[in-house]
>>> print(open('final.txt').read())   # compact mmCIF, C-alpha atoms (C1' of nucleotides)
# COMPACT_ATOMS: atom_id res chain seq x y z
CA MET H 1 33.57 -240.83 -18.74
CA ASN H 2 35.38 -244.13 -18.75
CA GLY H 3 34.95 -247.40 -20.59
CA ARG H 4 33.00 -249.02 -17.81
CA PHE H 5 29.99 -246.80 -18.32
CA PRO H 6 29.04 -248.14 -21.76
CA ILE H 7 29.63 -251.68 -20.54
CA ALA H 8 27.31 -251.17 -17.59
CA VAL H 9 24.66 -249.57 -19.78
CA HIS H 10 24.98 -252.38 -22.29
CA ILE H 11 24.47 -255.00 -19.60
CA LEU H 12 21.44 -253.27 -18.15
CA THR H 13 19.96 -252.80 -21.60
CA LEU H 14 20.31 -256.50 -22.37
CA LEU H 15 18.69 -257.40 -19.06
CA SER H 16 15.94 -254.92 -19.64
CA LYS H 17 15.12 -256.54 -22.96
CA ALA H 18 15.36 -260.03 -21.48
CA GLY H 19 12.60 -259.46 -18.96
CA ASP H 20 12.28 -262.48 -16.66
CA GLU H 21 14.63 -264.69 -18.64
CA LEU H 22 18.02 -265.00 -16.95
CA LEU H 23 21.05 -264.07 -19.01
CA SER H 24 24.50 -265.53 -18.42
CA SER H 25 27.68 -263.52 -18.15
CA ASP H 26 28.96 -265.45 -21.14
CA TYR H 27 26.06 -264.38 -23.28
CA MET H 28 26.33 -260.74 -22.27
CA ALA H 29 30.10 -260.68 -22.61
CA GLY H 30 29.57 -262.04 -26.12
CA SER H 31 27.25 -259.19 -26.98
CA ILE H 32 29.65 -256.60 -25.63
CA ASN H 33 32.68 -258.45 -26.94
CA ILE H 34 34.62 -258.52 -23.72
CA ASN H 35 35.91 -261.19 -21.40
CA PRO H 36 33.20 -262.88 -19.29
CA ALA H 37 35.17 -262.33 -16.09
CA LEU H 38 35.31 -258.64 -16.84
CA ALA H 39 31.57 -258.61 -17.39
CA ARG H 40 31.04 -260.43 -14.11
CA LYS H 41 33.23 -257.89 -12.34
CA GLU H 42 31.01 -255.07 -13.51
CA ILE H 43 27.87 -257.06 -12.83
CA SER H 44 29.12 -257.71 -9.33
CA ASN H 45 29.41 -254.00 -8.77
CA LEU H 46 25.94 -253.33 -10.11
CA ARG H 47 24.55 -256.16 -8.03
CA ASN H 48 26.03 -254.68 -4.86
CA LEU H 49 23.98 -251.60 -5.60
CA GLY H 50 20.79 -253.53 -6.14
CA LEU H 51 20.57 -252.84 -9.85
CA ILE H 52 20.99 -256.50 -10.74
CA THR H 53 20.07 -259.77 -9.05
CA SER H 54 21.85 -263.02 -9.71
CA LYS H 55 21.21 -266.72 -9.43
CA GLU H 56 24.16 -269.06 -9.01
CA GLY H 57 24.62 -272.58 -10.29
CA LYS H 58 23.55 -274.39 -13.40
CA SER H 59 20.94 -272.49 -15.41
CA GLY H 60 21.71 -269.49 -13.23
CA GLY H 61 22.26 -265.99 -14.55
CA TYR H 62 21.23 -262.40 -14.09
CA SER H 63 18.20 -260.18 -14.23
CA LEU H 64 17.41 -256.60 -13.26
CA GLY H 65 17.22 -255.84 -9.56
CA LYS H 66 14.49 -253.28 -10.11
CA SER H 67 12.34 -252.26 -13.01
CA ALA H 68 14.02 -250.63 -15.98
CA LYS H 69 11.90 -247.58 -15.32
CA GLN H 70 13.36 -247.18 -11.84
CA ILE H 71 16.98 -247.38 -12.90
CA THR H 72 18.43 -244.18 -14.30
CA LEU H 73 21.73 -243.46 -15.99
CA ALA H 74 22.63 -241.44 -12.91
CA ASP H 75 22.57 -244.69 -10.95
CA VAL H 76 24.86 -246.22 -13.52
CA TYR H 77 27.26 -243.32 -13.52
CA LEU H 78 27.47 -243.26 -9.76
CA ALA H 79 27.97 -247.01 -9.82
CA ILE H 80 31.09 -246.83 -11.93
CA LYS H 81 32.64 -243.94 -10.02
CA ASN H 82 33.61 -244.28 -6.41
CA GLN H 83 34.73 -240.69 -6.37
CA PRO H 84 32.84 -237.59 -7.53
CA VAL H 85 31.92 -238.05 -11.15
CA LEU H 86 34.41 -235.70 -12.72
CA GLY H 87 37.25 -236.46 -10.34
CA VAL H 88 38.92 -234.36 -7.72
CA ALA H 89 41.68 -231.79 -7.98
CA LYS H 90 44.88 -233.60 -7.26
CA ASN H 91 47.73 -231.30 -8.21
CA THR H 92 49.92 -230.06 -5.40
CA PRO H 93 50.40 -226.44 -6.37
CA ASN H 94 52.75 -224.00 -4.75
CA PRO H 95 51.33 -222.89 -1.38
CA ASP H 96 53.33 -219.67 -1.53
CA CYS H 97 51.41 -218.51 -4.58
CA PRO H 98 48.05 -216.90 -3.84
CA VAL H 99 46.52 -218.73 -6.78
CA GLY H 100 48.25 -222.04 -6.12
CA LYS H 101 47.22 -221.88 -2.49
CA GLN H 102 43.51 -221.81 -3.22
CA ILE H 103 43.01 -223.38 -6.60
CA ASN H 104 42.27 -226.92 -5.48
CA LYS H 105 39.41 -225.75 -3.35
CA ASN H 106 37.98 -223.75 -6.23
CA ILE H 107 38.42 -226.55 -8.75
CA ASP H 108 36.78 -229.01 -6.38
CA GLN H 109 33.85 -226.72 -6.00
CA LEU H 110 33.54 -226.38 -9.76
CA TYR H 111 33.63 -230.14 -10.20
CA ALA H 112 30.92 -230.61 -7.59
CA ASP H 113 28.82 -228.09 -9.47
CA LEU H 114 29.39 -229.89 -12.77
CA ASP H 115 28.60 -233.21 -11.14
CA LYS H 116 25.27 -231.88 -10.07
CA THR H 117 24.52 -230.66 -13.57
CA LEU H 118 25.46 -233.96 -15.17
CA LEU H 119 23.64 -236.10 -12.66
CA LYS H 120 20.49 -234.12 -13.11
CA LYS H 121 20.60 -234.83 -16.82
CA LEU H 122 21.51 -238.49 -16.36
CA GLY H 123 18.81 -238.89 -13.75
CA SER H 124 16.21 -237.91 -16.32
CA ILE H 125 17.02 -240.91 -18.51
CA SER H 126 15.93 -244.38 -17.38
CA ILE H 127 17.21 -247.70 -18.65
CA GLU H 128 13.76 -248.17 -20.07
CA ASP H 129 14.11 -244.93 -22.03
CA PHE H 130 17.52 -245.97 -23.22
CA SER H 131 16.55 -249.44 -24.28
CA ASN H 132 13.45 -248.18 -26.05
CA GLN H 133 15.81 -246.59 -28.54
CA PHE H 134 16.62 -250.04 -29.87
CA ASP H 135 14.58 -251.83 -32.50
CA MET I 1 37.78 -234.76 -16.78
CA ASN I 2 41.52 -235.14 -17.02
CA GLY I 3 44.48 -233.54 -15.32
CA ARG I 4 45.05 -231.03 -18.06
CA PHE I 5 41.91 -229.10 -17.29
CA PRO I 6 43.01 -227.80 -13.88
CA ILE I 7 46.43 -226.99 -15.31
CA ALA I 8 44.89 -224.95 -18.10
CA VAL I 9 42.55 -223.16 -15.72
CA HIS I 10 45.43 -222.45 -13.37
CA ILE I 11 47.49 -220.92 -16.16
CA LEU I 12 44.65 -218.74 -17.36
CA THR I 13 43.88 -217.63 -13.82
CA LEU I 14 47.48 -216.57 -13.27
CA LEU I 15 47.49 -214.65 -16.54
CA SER I 16 44.18 -213.06 -15.69
CA LYS I 17 45.60 -211.79 -12.43
CA ALA I 18 48.82 -210.62 -14.09
CA GLY I 19 47.06 -208.22 -16.44
CA ASP I 20 49.58 -206.72 -18.86
CA GLU I 21 52.62 -208.11 -17.14
CA LEU I 22 54.10 -211.08 -19.01
CA LEU I 23 54.52 -214.28 -17.04
CA SER I 24 57.13 -216.90 -17.90
CA SER I 25 56.46 -220.60 -18.21
CA ASP I 26 58.95 -221.12 -15.41
CA TYR I 27 57.00 -218.92 -13.07
CA MET I 28 53.68 -220.51 -13.88
CA ALA I 29 55.06 -224.04 -13.73
CA GLY I 30 56.36 -223.11 -10.28
CA SER I 31 52.90 -222.08 -9.14
CA ILE I 32 51.32 -225.25 -10.50
CA ASN I 33 54.25 -227.36 -9.40
CA ILE I 34 54.85 -229.06 -12.73
CA ASN I 35 57.67 -229.18 -15.26
CA PRO I 36 58.06 -225.97 -17.31
CA ALA I 37 58.06 -227.92 -20.58
CA LEU I 38 54.77 -229.49 -19.63
CA ALA I 39 53.35 -226.05 -18.90
CA ARG I 40 54.61 -224.80 -22.26
CA LYS I 41 52.97 -227.76 -23.97
CA GLU I 42 49.60 -226.81 -22.56
CA ILE I 43 50.22 -223.12 -23.19
CA SER I 44 51.05 -223.94 -26.78
CA ASN I 45 47.70 -225.60 -27.16
CA LEU I 46 45.85 -222.67 -25.61
CA ARG I 47 47.81 -220.27 -27.77
CA ASN I 48 46.77 -222.11 -30.93
CA LEU I 49 43.20 -221.41 -29.94
CA GLY I 50 43.85 -217.72 -29.33
CA LEU I 51 43.35 -217.89 -25.58
CA ILE I 52 46.95 -216.92 -24.91
CA THR I 53 49.50 -214.77 -26.71
CA SER I 54 53.21 -215.20 -26.34
CA LYS I 55 56.35 -213.17 -26.77
CA GLU I 56 59.58 -214.96 -27.51
CA GLY I 57 63.10 -214.06 -26.46
CA LYS I 58 64.57 -212.42 -23.42
CA SER I 59 61.94 -210.82 -21.17
CA GLY I 60 59.34 -212.66 -23.19
CA GLY I 61 56.44 -214.55 -21.69
CA TYR I 62 52.71 -214.97 -21.89
CA SER I 63 49.52 -213.01 -21.47
CA LEU I 64 45.86 -213.62 -22.21
CA GLY I 65 44.84 -213.62 -25.86
CA LYS I 66 41.48 -212.09 -25.05
CA SER I 67 39.94 -210.55 -21.98
CA ALA I 68 39.26 -212.81 -19.02
CA LYS I 69 35.61 -211.97 -19.42
CA GLN I 70 35.55 -213.38 -22.93
CA ILE I 71 37.17 -216.70 -22.07
CA THR I 72 34.86 -219.31 -20.60
CA LEU I 73 35.54 -222.66 -19.03
CA ALA I 74 33.82 -224.18 -22.05
CA ASP I 75 36.68 -222.82 -24.17
CA VAL I 76 39.12 -224.45 -21.80
CA TYR I 77 37.34 -227.74 -21.78
CA LEU I 78 37.13 -227.87 -25.53
CA ALA I 79 40.79 -226.93 -25.67
CA ILE I 80 41.94 -229.91 -23.72
CA LYS I 81 39.76 -232.39 -25.57
CA ASN I 82 40.22 -233.02 -29.24
CA GLN I 83 37.25 -235.33 -29.27
CA PRO I 84 33.78 -234.77 -27.81
CA VAL I 85 34.12 -233.88 -24.18
CA LEU I 86 33.02 -237.14 -22.65
CA GLY I 87 34.67 -239.38 -25.19
CA VAL I 88 33.24 -241.60 -27.86
CA ALA I 89 31.93 -245.13 -27.68
CA LYS I 90 34.78 -247.35 -28.66
CA ASN I 91 33.79 -250.89 -27.84
CA THR I 92 33.31 -253.25 -30.75
CA PRO I 93 30.21 -255.11 -29.70
CA ASN I 94 28.75 -258.14 -31.43
CA PRO I 95 27.02 -257.09 -34.66
CA ASP I 96 24.81 -260.17 -34.53
CA CYS I 97 23.16 -258.98 -31.35
CA PRO I 98 20.35 -256.46 -31.80
CA VAL I 99 21.61 -254.48 -28.83
CA GLY I 100 25.29 -254.81 -29.70
CA LYS I 101 24.58 -253.73 -33.24
CA GLN I 102 23.14 -250.37 -32.26
CA ILE I 103 24.58 -249.48 -28.92
CA ASN I 104 27.52 -247.41 -30.09
CA LYS I 105 25.24 -245.11 -32.00
CA ASN I 106 23.01 -244.69 -28.96
CA ILE I 107 25.91 -244.16 -26.57
CA ASP I 108 27.44 -241.59 -28.91
CA GLN I 109 24.16 -239.75 -29.02
CA LEU I 110 23.93 -239.78 -25.25
CA TYR I 111 27.46 -238.43 -24.94
CA ALA I 112 26.70 -235.66 -27.39
CA ASP I 113 23.70 -234.77 -25.30
CA LEU I 114 25.74 -234.75 -22.10
CA ASP I 115 28.41 -232.68 -23.81
CA LYS I 116 25.84 -230.06 -24.61
CA THR I 117 24.65 -230.00 -21.03
CA LEU I 118 28.13 -229.67 -19.63
CA LEU I 119 29.27 -227.09 -22.12
CA LYS I 120 26.28 -224.94 -21.40
CA LYS I 121 27.21 -224.91 -17.74
CA LEU I 122 30.90 -224.34 -18.43
CA GLY I 123 30.07 -221.62 -20.90
CA SER I 124 28.36 -219.66 -18.16
CA ILE I 125 31.58 -219.33 -16.16
CA SER I 126 34.30 -216.99 -17.41
CA ILE I 127 37.92 -216.95 -16.37
CA GLU I 128 37.16 -213.61 -14.81
CA ASP I 129 34.44 -215.23 -12.71
CA PHE I 130 36.74 -218.03 -11.75
CA SER I 131 39.66 -215.84 -10.82
CA ASN I 132 37.45 -213.49 -8.83
CA GLN I 133 37.01 -216.35 -6.38
CA PHE I 134 40.59 -215.83 -5.26
CA ASP I 135 41.62 -213.35 -2.59
C1' DT R 1 77.19 -211.28 -27.88
C1' DA R 2 75.46 -213.24 -23.81
C1' DA R 3 71.48 -214.23 -21.16
C1' DA R 4 66.68 -215.23 -20.71
C1' DC R 5 63.22 -216.72 -22.83
C1' DT R 6 59.87 -219.62 -26.04
C1' DG R 7 58.87 -223.78 -29.11
C1' DT R 8 58.95 -228.36 -29.90
C1' DA R 9 60.38 -233.02 -30.55
C1' DA R 10 61.88 -237.20 -28.69
C1' DC R 11 62.13 -240.05 -25.09
C1' DA R 12 61.24 -242.18 -20.44
C1' DT R 13 58.43 -243.18 -16.60
C1' DA R 14 54.37 -243.78 -14.05
C1' DA R 15 49.69 -244.66 -13.49
C1' DT R 16 45.58 -246.44 -14.89
C1' DT R 17 42.66 -249.49 -17.19
C1' DA R 18 41.53 -253.66 -19.41
C1' DA R 19 42.12 -258.45 -20.17
C1' DT R 20 43.18 -263.05 -18.81
C1' DT R 21 43.64 -267.08 -16.13
C1' DA R 22 42.32 -269.88 -12.64
C1' DC R 23 39.58 -272.07 -9.60
C1' DA R 24 36.37 -272.58 -5.57
C1' DA R 25 31.40 -272.49 -4.66
C1' DT R 26 26.78 -273.36 -6.10
C1' DT R 27 22.86 -275.38 -8.30
C1' DA R 28 20.07 -277.94 -11.69
C1' DA R 29 19.48 -281.63 -14.41
C1' DA R 30 20.74 -286.10 -16.21
C1' DT Z 1 24.45 -288.71 -6.91
C1' DT Z 2 27.40 -287.23 -10.19
C1' DT Z 3 28.20 -284.17 -14.03
C1' DA Z 4 27.87 -279.90 -16.30
C1' DA Z 5 26.85 -275.14 -16.28
C1' DT Z 6 27.18 -271.35 -14.03
C1' DT Z 7 28.47 -267.48 -10.59
C1' DG Z 8 32.07 -265.14 -7.56
C1' DT Z 9 36.39 -263.47 -6.94
C1' DA Z 10 41.34 -263.11 -6.53
C1' DA Z 11 45.71 -262.79 -8.68
C1' DT Z 12 48.30 -261.73 -12.49
C1' DT Z 13 49.63 -259.84 -16.87
C1' DA Z 14 49.24 -256.85 -20.77
C1' DA Z 15 48.03 -252.67 -22.97
C1' DT Z 16 47.06 -248.06 -23.08
C1' DT Z 17 47.18 -243.49 -21.71
C1' DA Z 18 48.92 -239.76 -19.17
C1' DT Z 19 52.58 -237.41 -17.23
C1' DG Z 20 57.16 -235.93 -16.73
C1' DT Z 21 61.95 -235.08 -18.50
C1' DT Z 22 65.69 -233.83 -21.31
C1' DA Z 23 67.58 -231.46 -24.86
C1' DC Z 24 68.29 -228.04 -27.85
C1' DA Z 25 67.24 -224.84 -31.72
C1' DG Z 26 65.22 -220.33 -32.40
C1' DT Z 27 64.23 -215.56 -30.78
C1' DT Z 28 64.81 -211.23 -28.66
C1' DT Z 29 66.57 -207.75 -25.58
C1' DA Z 30 69.82 -205.71 -22.69
>>> encode(input="final.txt", output="structure tokens")
Amino acid sequence: MNGRFPIAVHILTLLSKAGDELLSSDYMAGSININPALARKEISNLRNLGLITSKEGKSGGYSLGKSAKQITLADVYLAIKNQPVLGVAKNTPNPDCPVGKQINKNIDQLYADLDKTLLKKLGSISIEDFSNQFD
Amino acid sequence: MNGRFPIAVHILTLLSKAGDELLSSDYMAGSININPALARKEISNLRNLGLITSKEGKSGGYSLGKSAKQITLADVYLAIKNQPVLGVAKNTPNPDCPVGKQINKNIDQLYADLDKTLLKKLGSISIEDFSNQFD
DNA sequence: TAAACTGTAACATAATTAATTACAATTAAA
DNA sequence: TTTAATTGTAATTAATTATGTTACAGTTTA
């Protein structure tokens, strides 16, 4: 789980609370306490996936691309990982060793299994659920 | 999930297959294709947790500290993470924002929840199970 | 007593991630 | 119609983390 996940969740939570009002990257970056360009980079990613819509120009900004109920943390997690959630085996073990020869395949399979487990859990939590935890 | 996990699993799998025979760090590092000192570093960690026992000196080496049936992948995962498995929220968001003020607490809680989910799954797989997947 | 090991610290390198700067493009409002 | 606020994105730098290496003292057995 990397640092982009909480940033993405933070952004979506802010937008969820904002409703129809557009929020600027500056405002959201201020809430997260990161650089606005970094926020926009993540927003851009989420926008490509339809989770956020944007409006350019003066008095532009961002809002949710679908309802907070329809967006789950699984969407967010998948959004911040191009690869399988828990990574892929990437050692290059000794092919002459019976264990080394097969371990990457077995580790990959394990990771896929864990991915499924995690995504199921994350899929059960919507942005609405998450943002309802706030006062 | 970091690169130490597959290394630790690899080591334990080799030891599981070796039974009573002691394996050297050199041999295991050769199977994993990493530096022996790096292997010993991870072994040292696993040994501190009782998963491995060692014998120093000539014809020394390593063997499992408990039966392969008793060691689960949850043990391994906890071994390679000092902190909660999926990390802790570490941004320093704006305390003047109602979302920023509370988000770390909520993210931490989510991570704890995900930890539990993952560990449950990992706890259901023993090193014996894992190493039985090999020919 | 020499050889084969472990144990560990200190250091170096590589890889990844995060942050910053910069500026073109767009749009609304003055 | 011009100015100001804003997005979009690329390029660069800085910081952090992870990995790999070297070195050598300590231990044990043959």
>>> interface_residues(input="final.txt", of="chain I", to="chain R", cutoff="10 Å", atoms="only C-alpha atoms (C1' of nucleotides)", output="JSON, numbers by chain")
{"I": [24, 25, 26, 37, 40, 41, 44, 54, 55, 56, 57, 58, 59, 60, 61, 62]}
>>> write_last_selection(input="final.txt", atoms="C-alpha atoms", output="PDB file, keeping the file's coordinate frame")
ATOM      1  CA  SER I  24      57.130-216.900 -17.900  1.00  0.00           C
ATOM      2  CA  SER I  25      56.460-220.600 -18.210  1.00  0.00           C
ATOM      3  CA  ASP I  26      58.950-221.120 -15.410  1.00  0.00           C
ATOM      4  CA  ALA I  37      58.060-227.920 -20.580  1.00  0.00           C
ATOM      5  CA  ARG I  40      54.610-224.800 -22.260  1.00  0.00           C
ATOM      6  CA  LYS I  41      52.970-227.760 -23.970  1.00  0.00           C
ATOM      7  CA  SER I  44      51.050-223.940 -26.780  1.00  0.00           C
ATOM      8  CA  SER I  54      53.210-215.200 -26.340  1.00  0.00           C
ATOM      9  CA  LYS I  55      56.350-213.170 -26.770  1.00  0.00           C
ATOM     10  CA  GLU I  56      59.580-214.960 -27.510  1.00  0.00           C
ATOM     11  CA  GLY I  57      63.100-214.060 -26.460  1.00  0.00           C
ATOM     12  CA  LYS I  58      64.570-212.420 -23.420  1.00  0.00           C
ATOM     13  CA  SER I  59      61.940-210.820 -21.170  1.00  0.00           C
ATOM     14  CA  GLY I  60      59.340-212.660 -23.190  1.00  0.00           C
ATOM     15  CA  GLY I  61      56.440-214.550 -21.690  1.00  0.00           C
ATOM     16  CA  TYR I  62      52.710-214.970 -21.890  1.00  0.00           C
TER      17      TYR I  62
END
>>> axis_aligned_box(input="final.txt", around="range 123-127 of chain H", padding_each_side="8 Å", output="lines of an AutoDock Vina configuration file")
center_x = 17.4
center_y = -242.8
center_z = -16.2
size_x = 18.9
size_y = 25.8
size_z = 20.9
>>> atom_distance(input="final.txt", atom1="CA of Leu46 in chain H", atom2="CA of Ala79 in chain H")
6.6 Å
>>> closest_residue(input="final.txt", among="I:Ala74, I:Asp108, I:Lys17, I:Lys81", to="Lys120 in chain I", atoms="all atoms listed in the file")
I:Ala74
>>> atom_distance(input="final.txt", atom1="CA of Pro95 in chain I", atom2="CA of Ser131 in chain H")
16.6 Å
>>> closest_atom_pairs(input="final.txt", of="chain Z", to="chain H", cutoff="8 Å", atoms="all atoms listed in the file", output="Markdown table")
| residue | atom | partner | partner_atom | distance |
| --- | --- | --- | --- | --- |
| Z:DA4 | C1' | H:Lys58 | CA | 7.6 |
| Z:DA5 | C1' | H:Lys58 | CA | 4.4 |
| Z:DT6 | C1' | H:Gly57 | CA | 4.7 |
| Z:DT7 | C1' | H:Glu56 | CA | 4.9 |
>>> write_last_selection(input="final.txt", atoms="C-alpha atoms (C1' of nucleotides)", output="short mmCIF file (atom, residue, chain, number, x, y, z; two decimals), in the frame of the given file")
data_model
loop_
_atom_site.label_atom_id
_atom_site.label_comp_id
_atom_site.auth_asym_id
_atom_site.auth_seq_id
_atom_site.Cartn_x
_atom_site.Cartn_y
_atom_site.Cartn_z
"C1'" DA Z 4 27.87 -279.90 -16.30
"C1'" DA Z 5 26.85 -275.14 -16.28
"C1'" DT Z 6 27.18 -271.35 -14.03
"C1'" DT Z 7 28.47 -267.48 -10.59
#
>>> atom_distance(input="final.txt", atom1="CA of Tyr111 in chain H", atom2="CA of Ile103 in chain I")
28.4 Å
>>> interface_residues(input="final.txt", of="chain I", to="chain H", cutoff="10 Å", atoms="all atoms listed in the file", output="number ranges by chain")
I: 1-3, 5-7, 9-11, 13-14, 17, 28-34, 85-104, 106-108, 110-111, 113-115, 117-122, 125, 130-131, 133-135
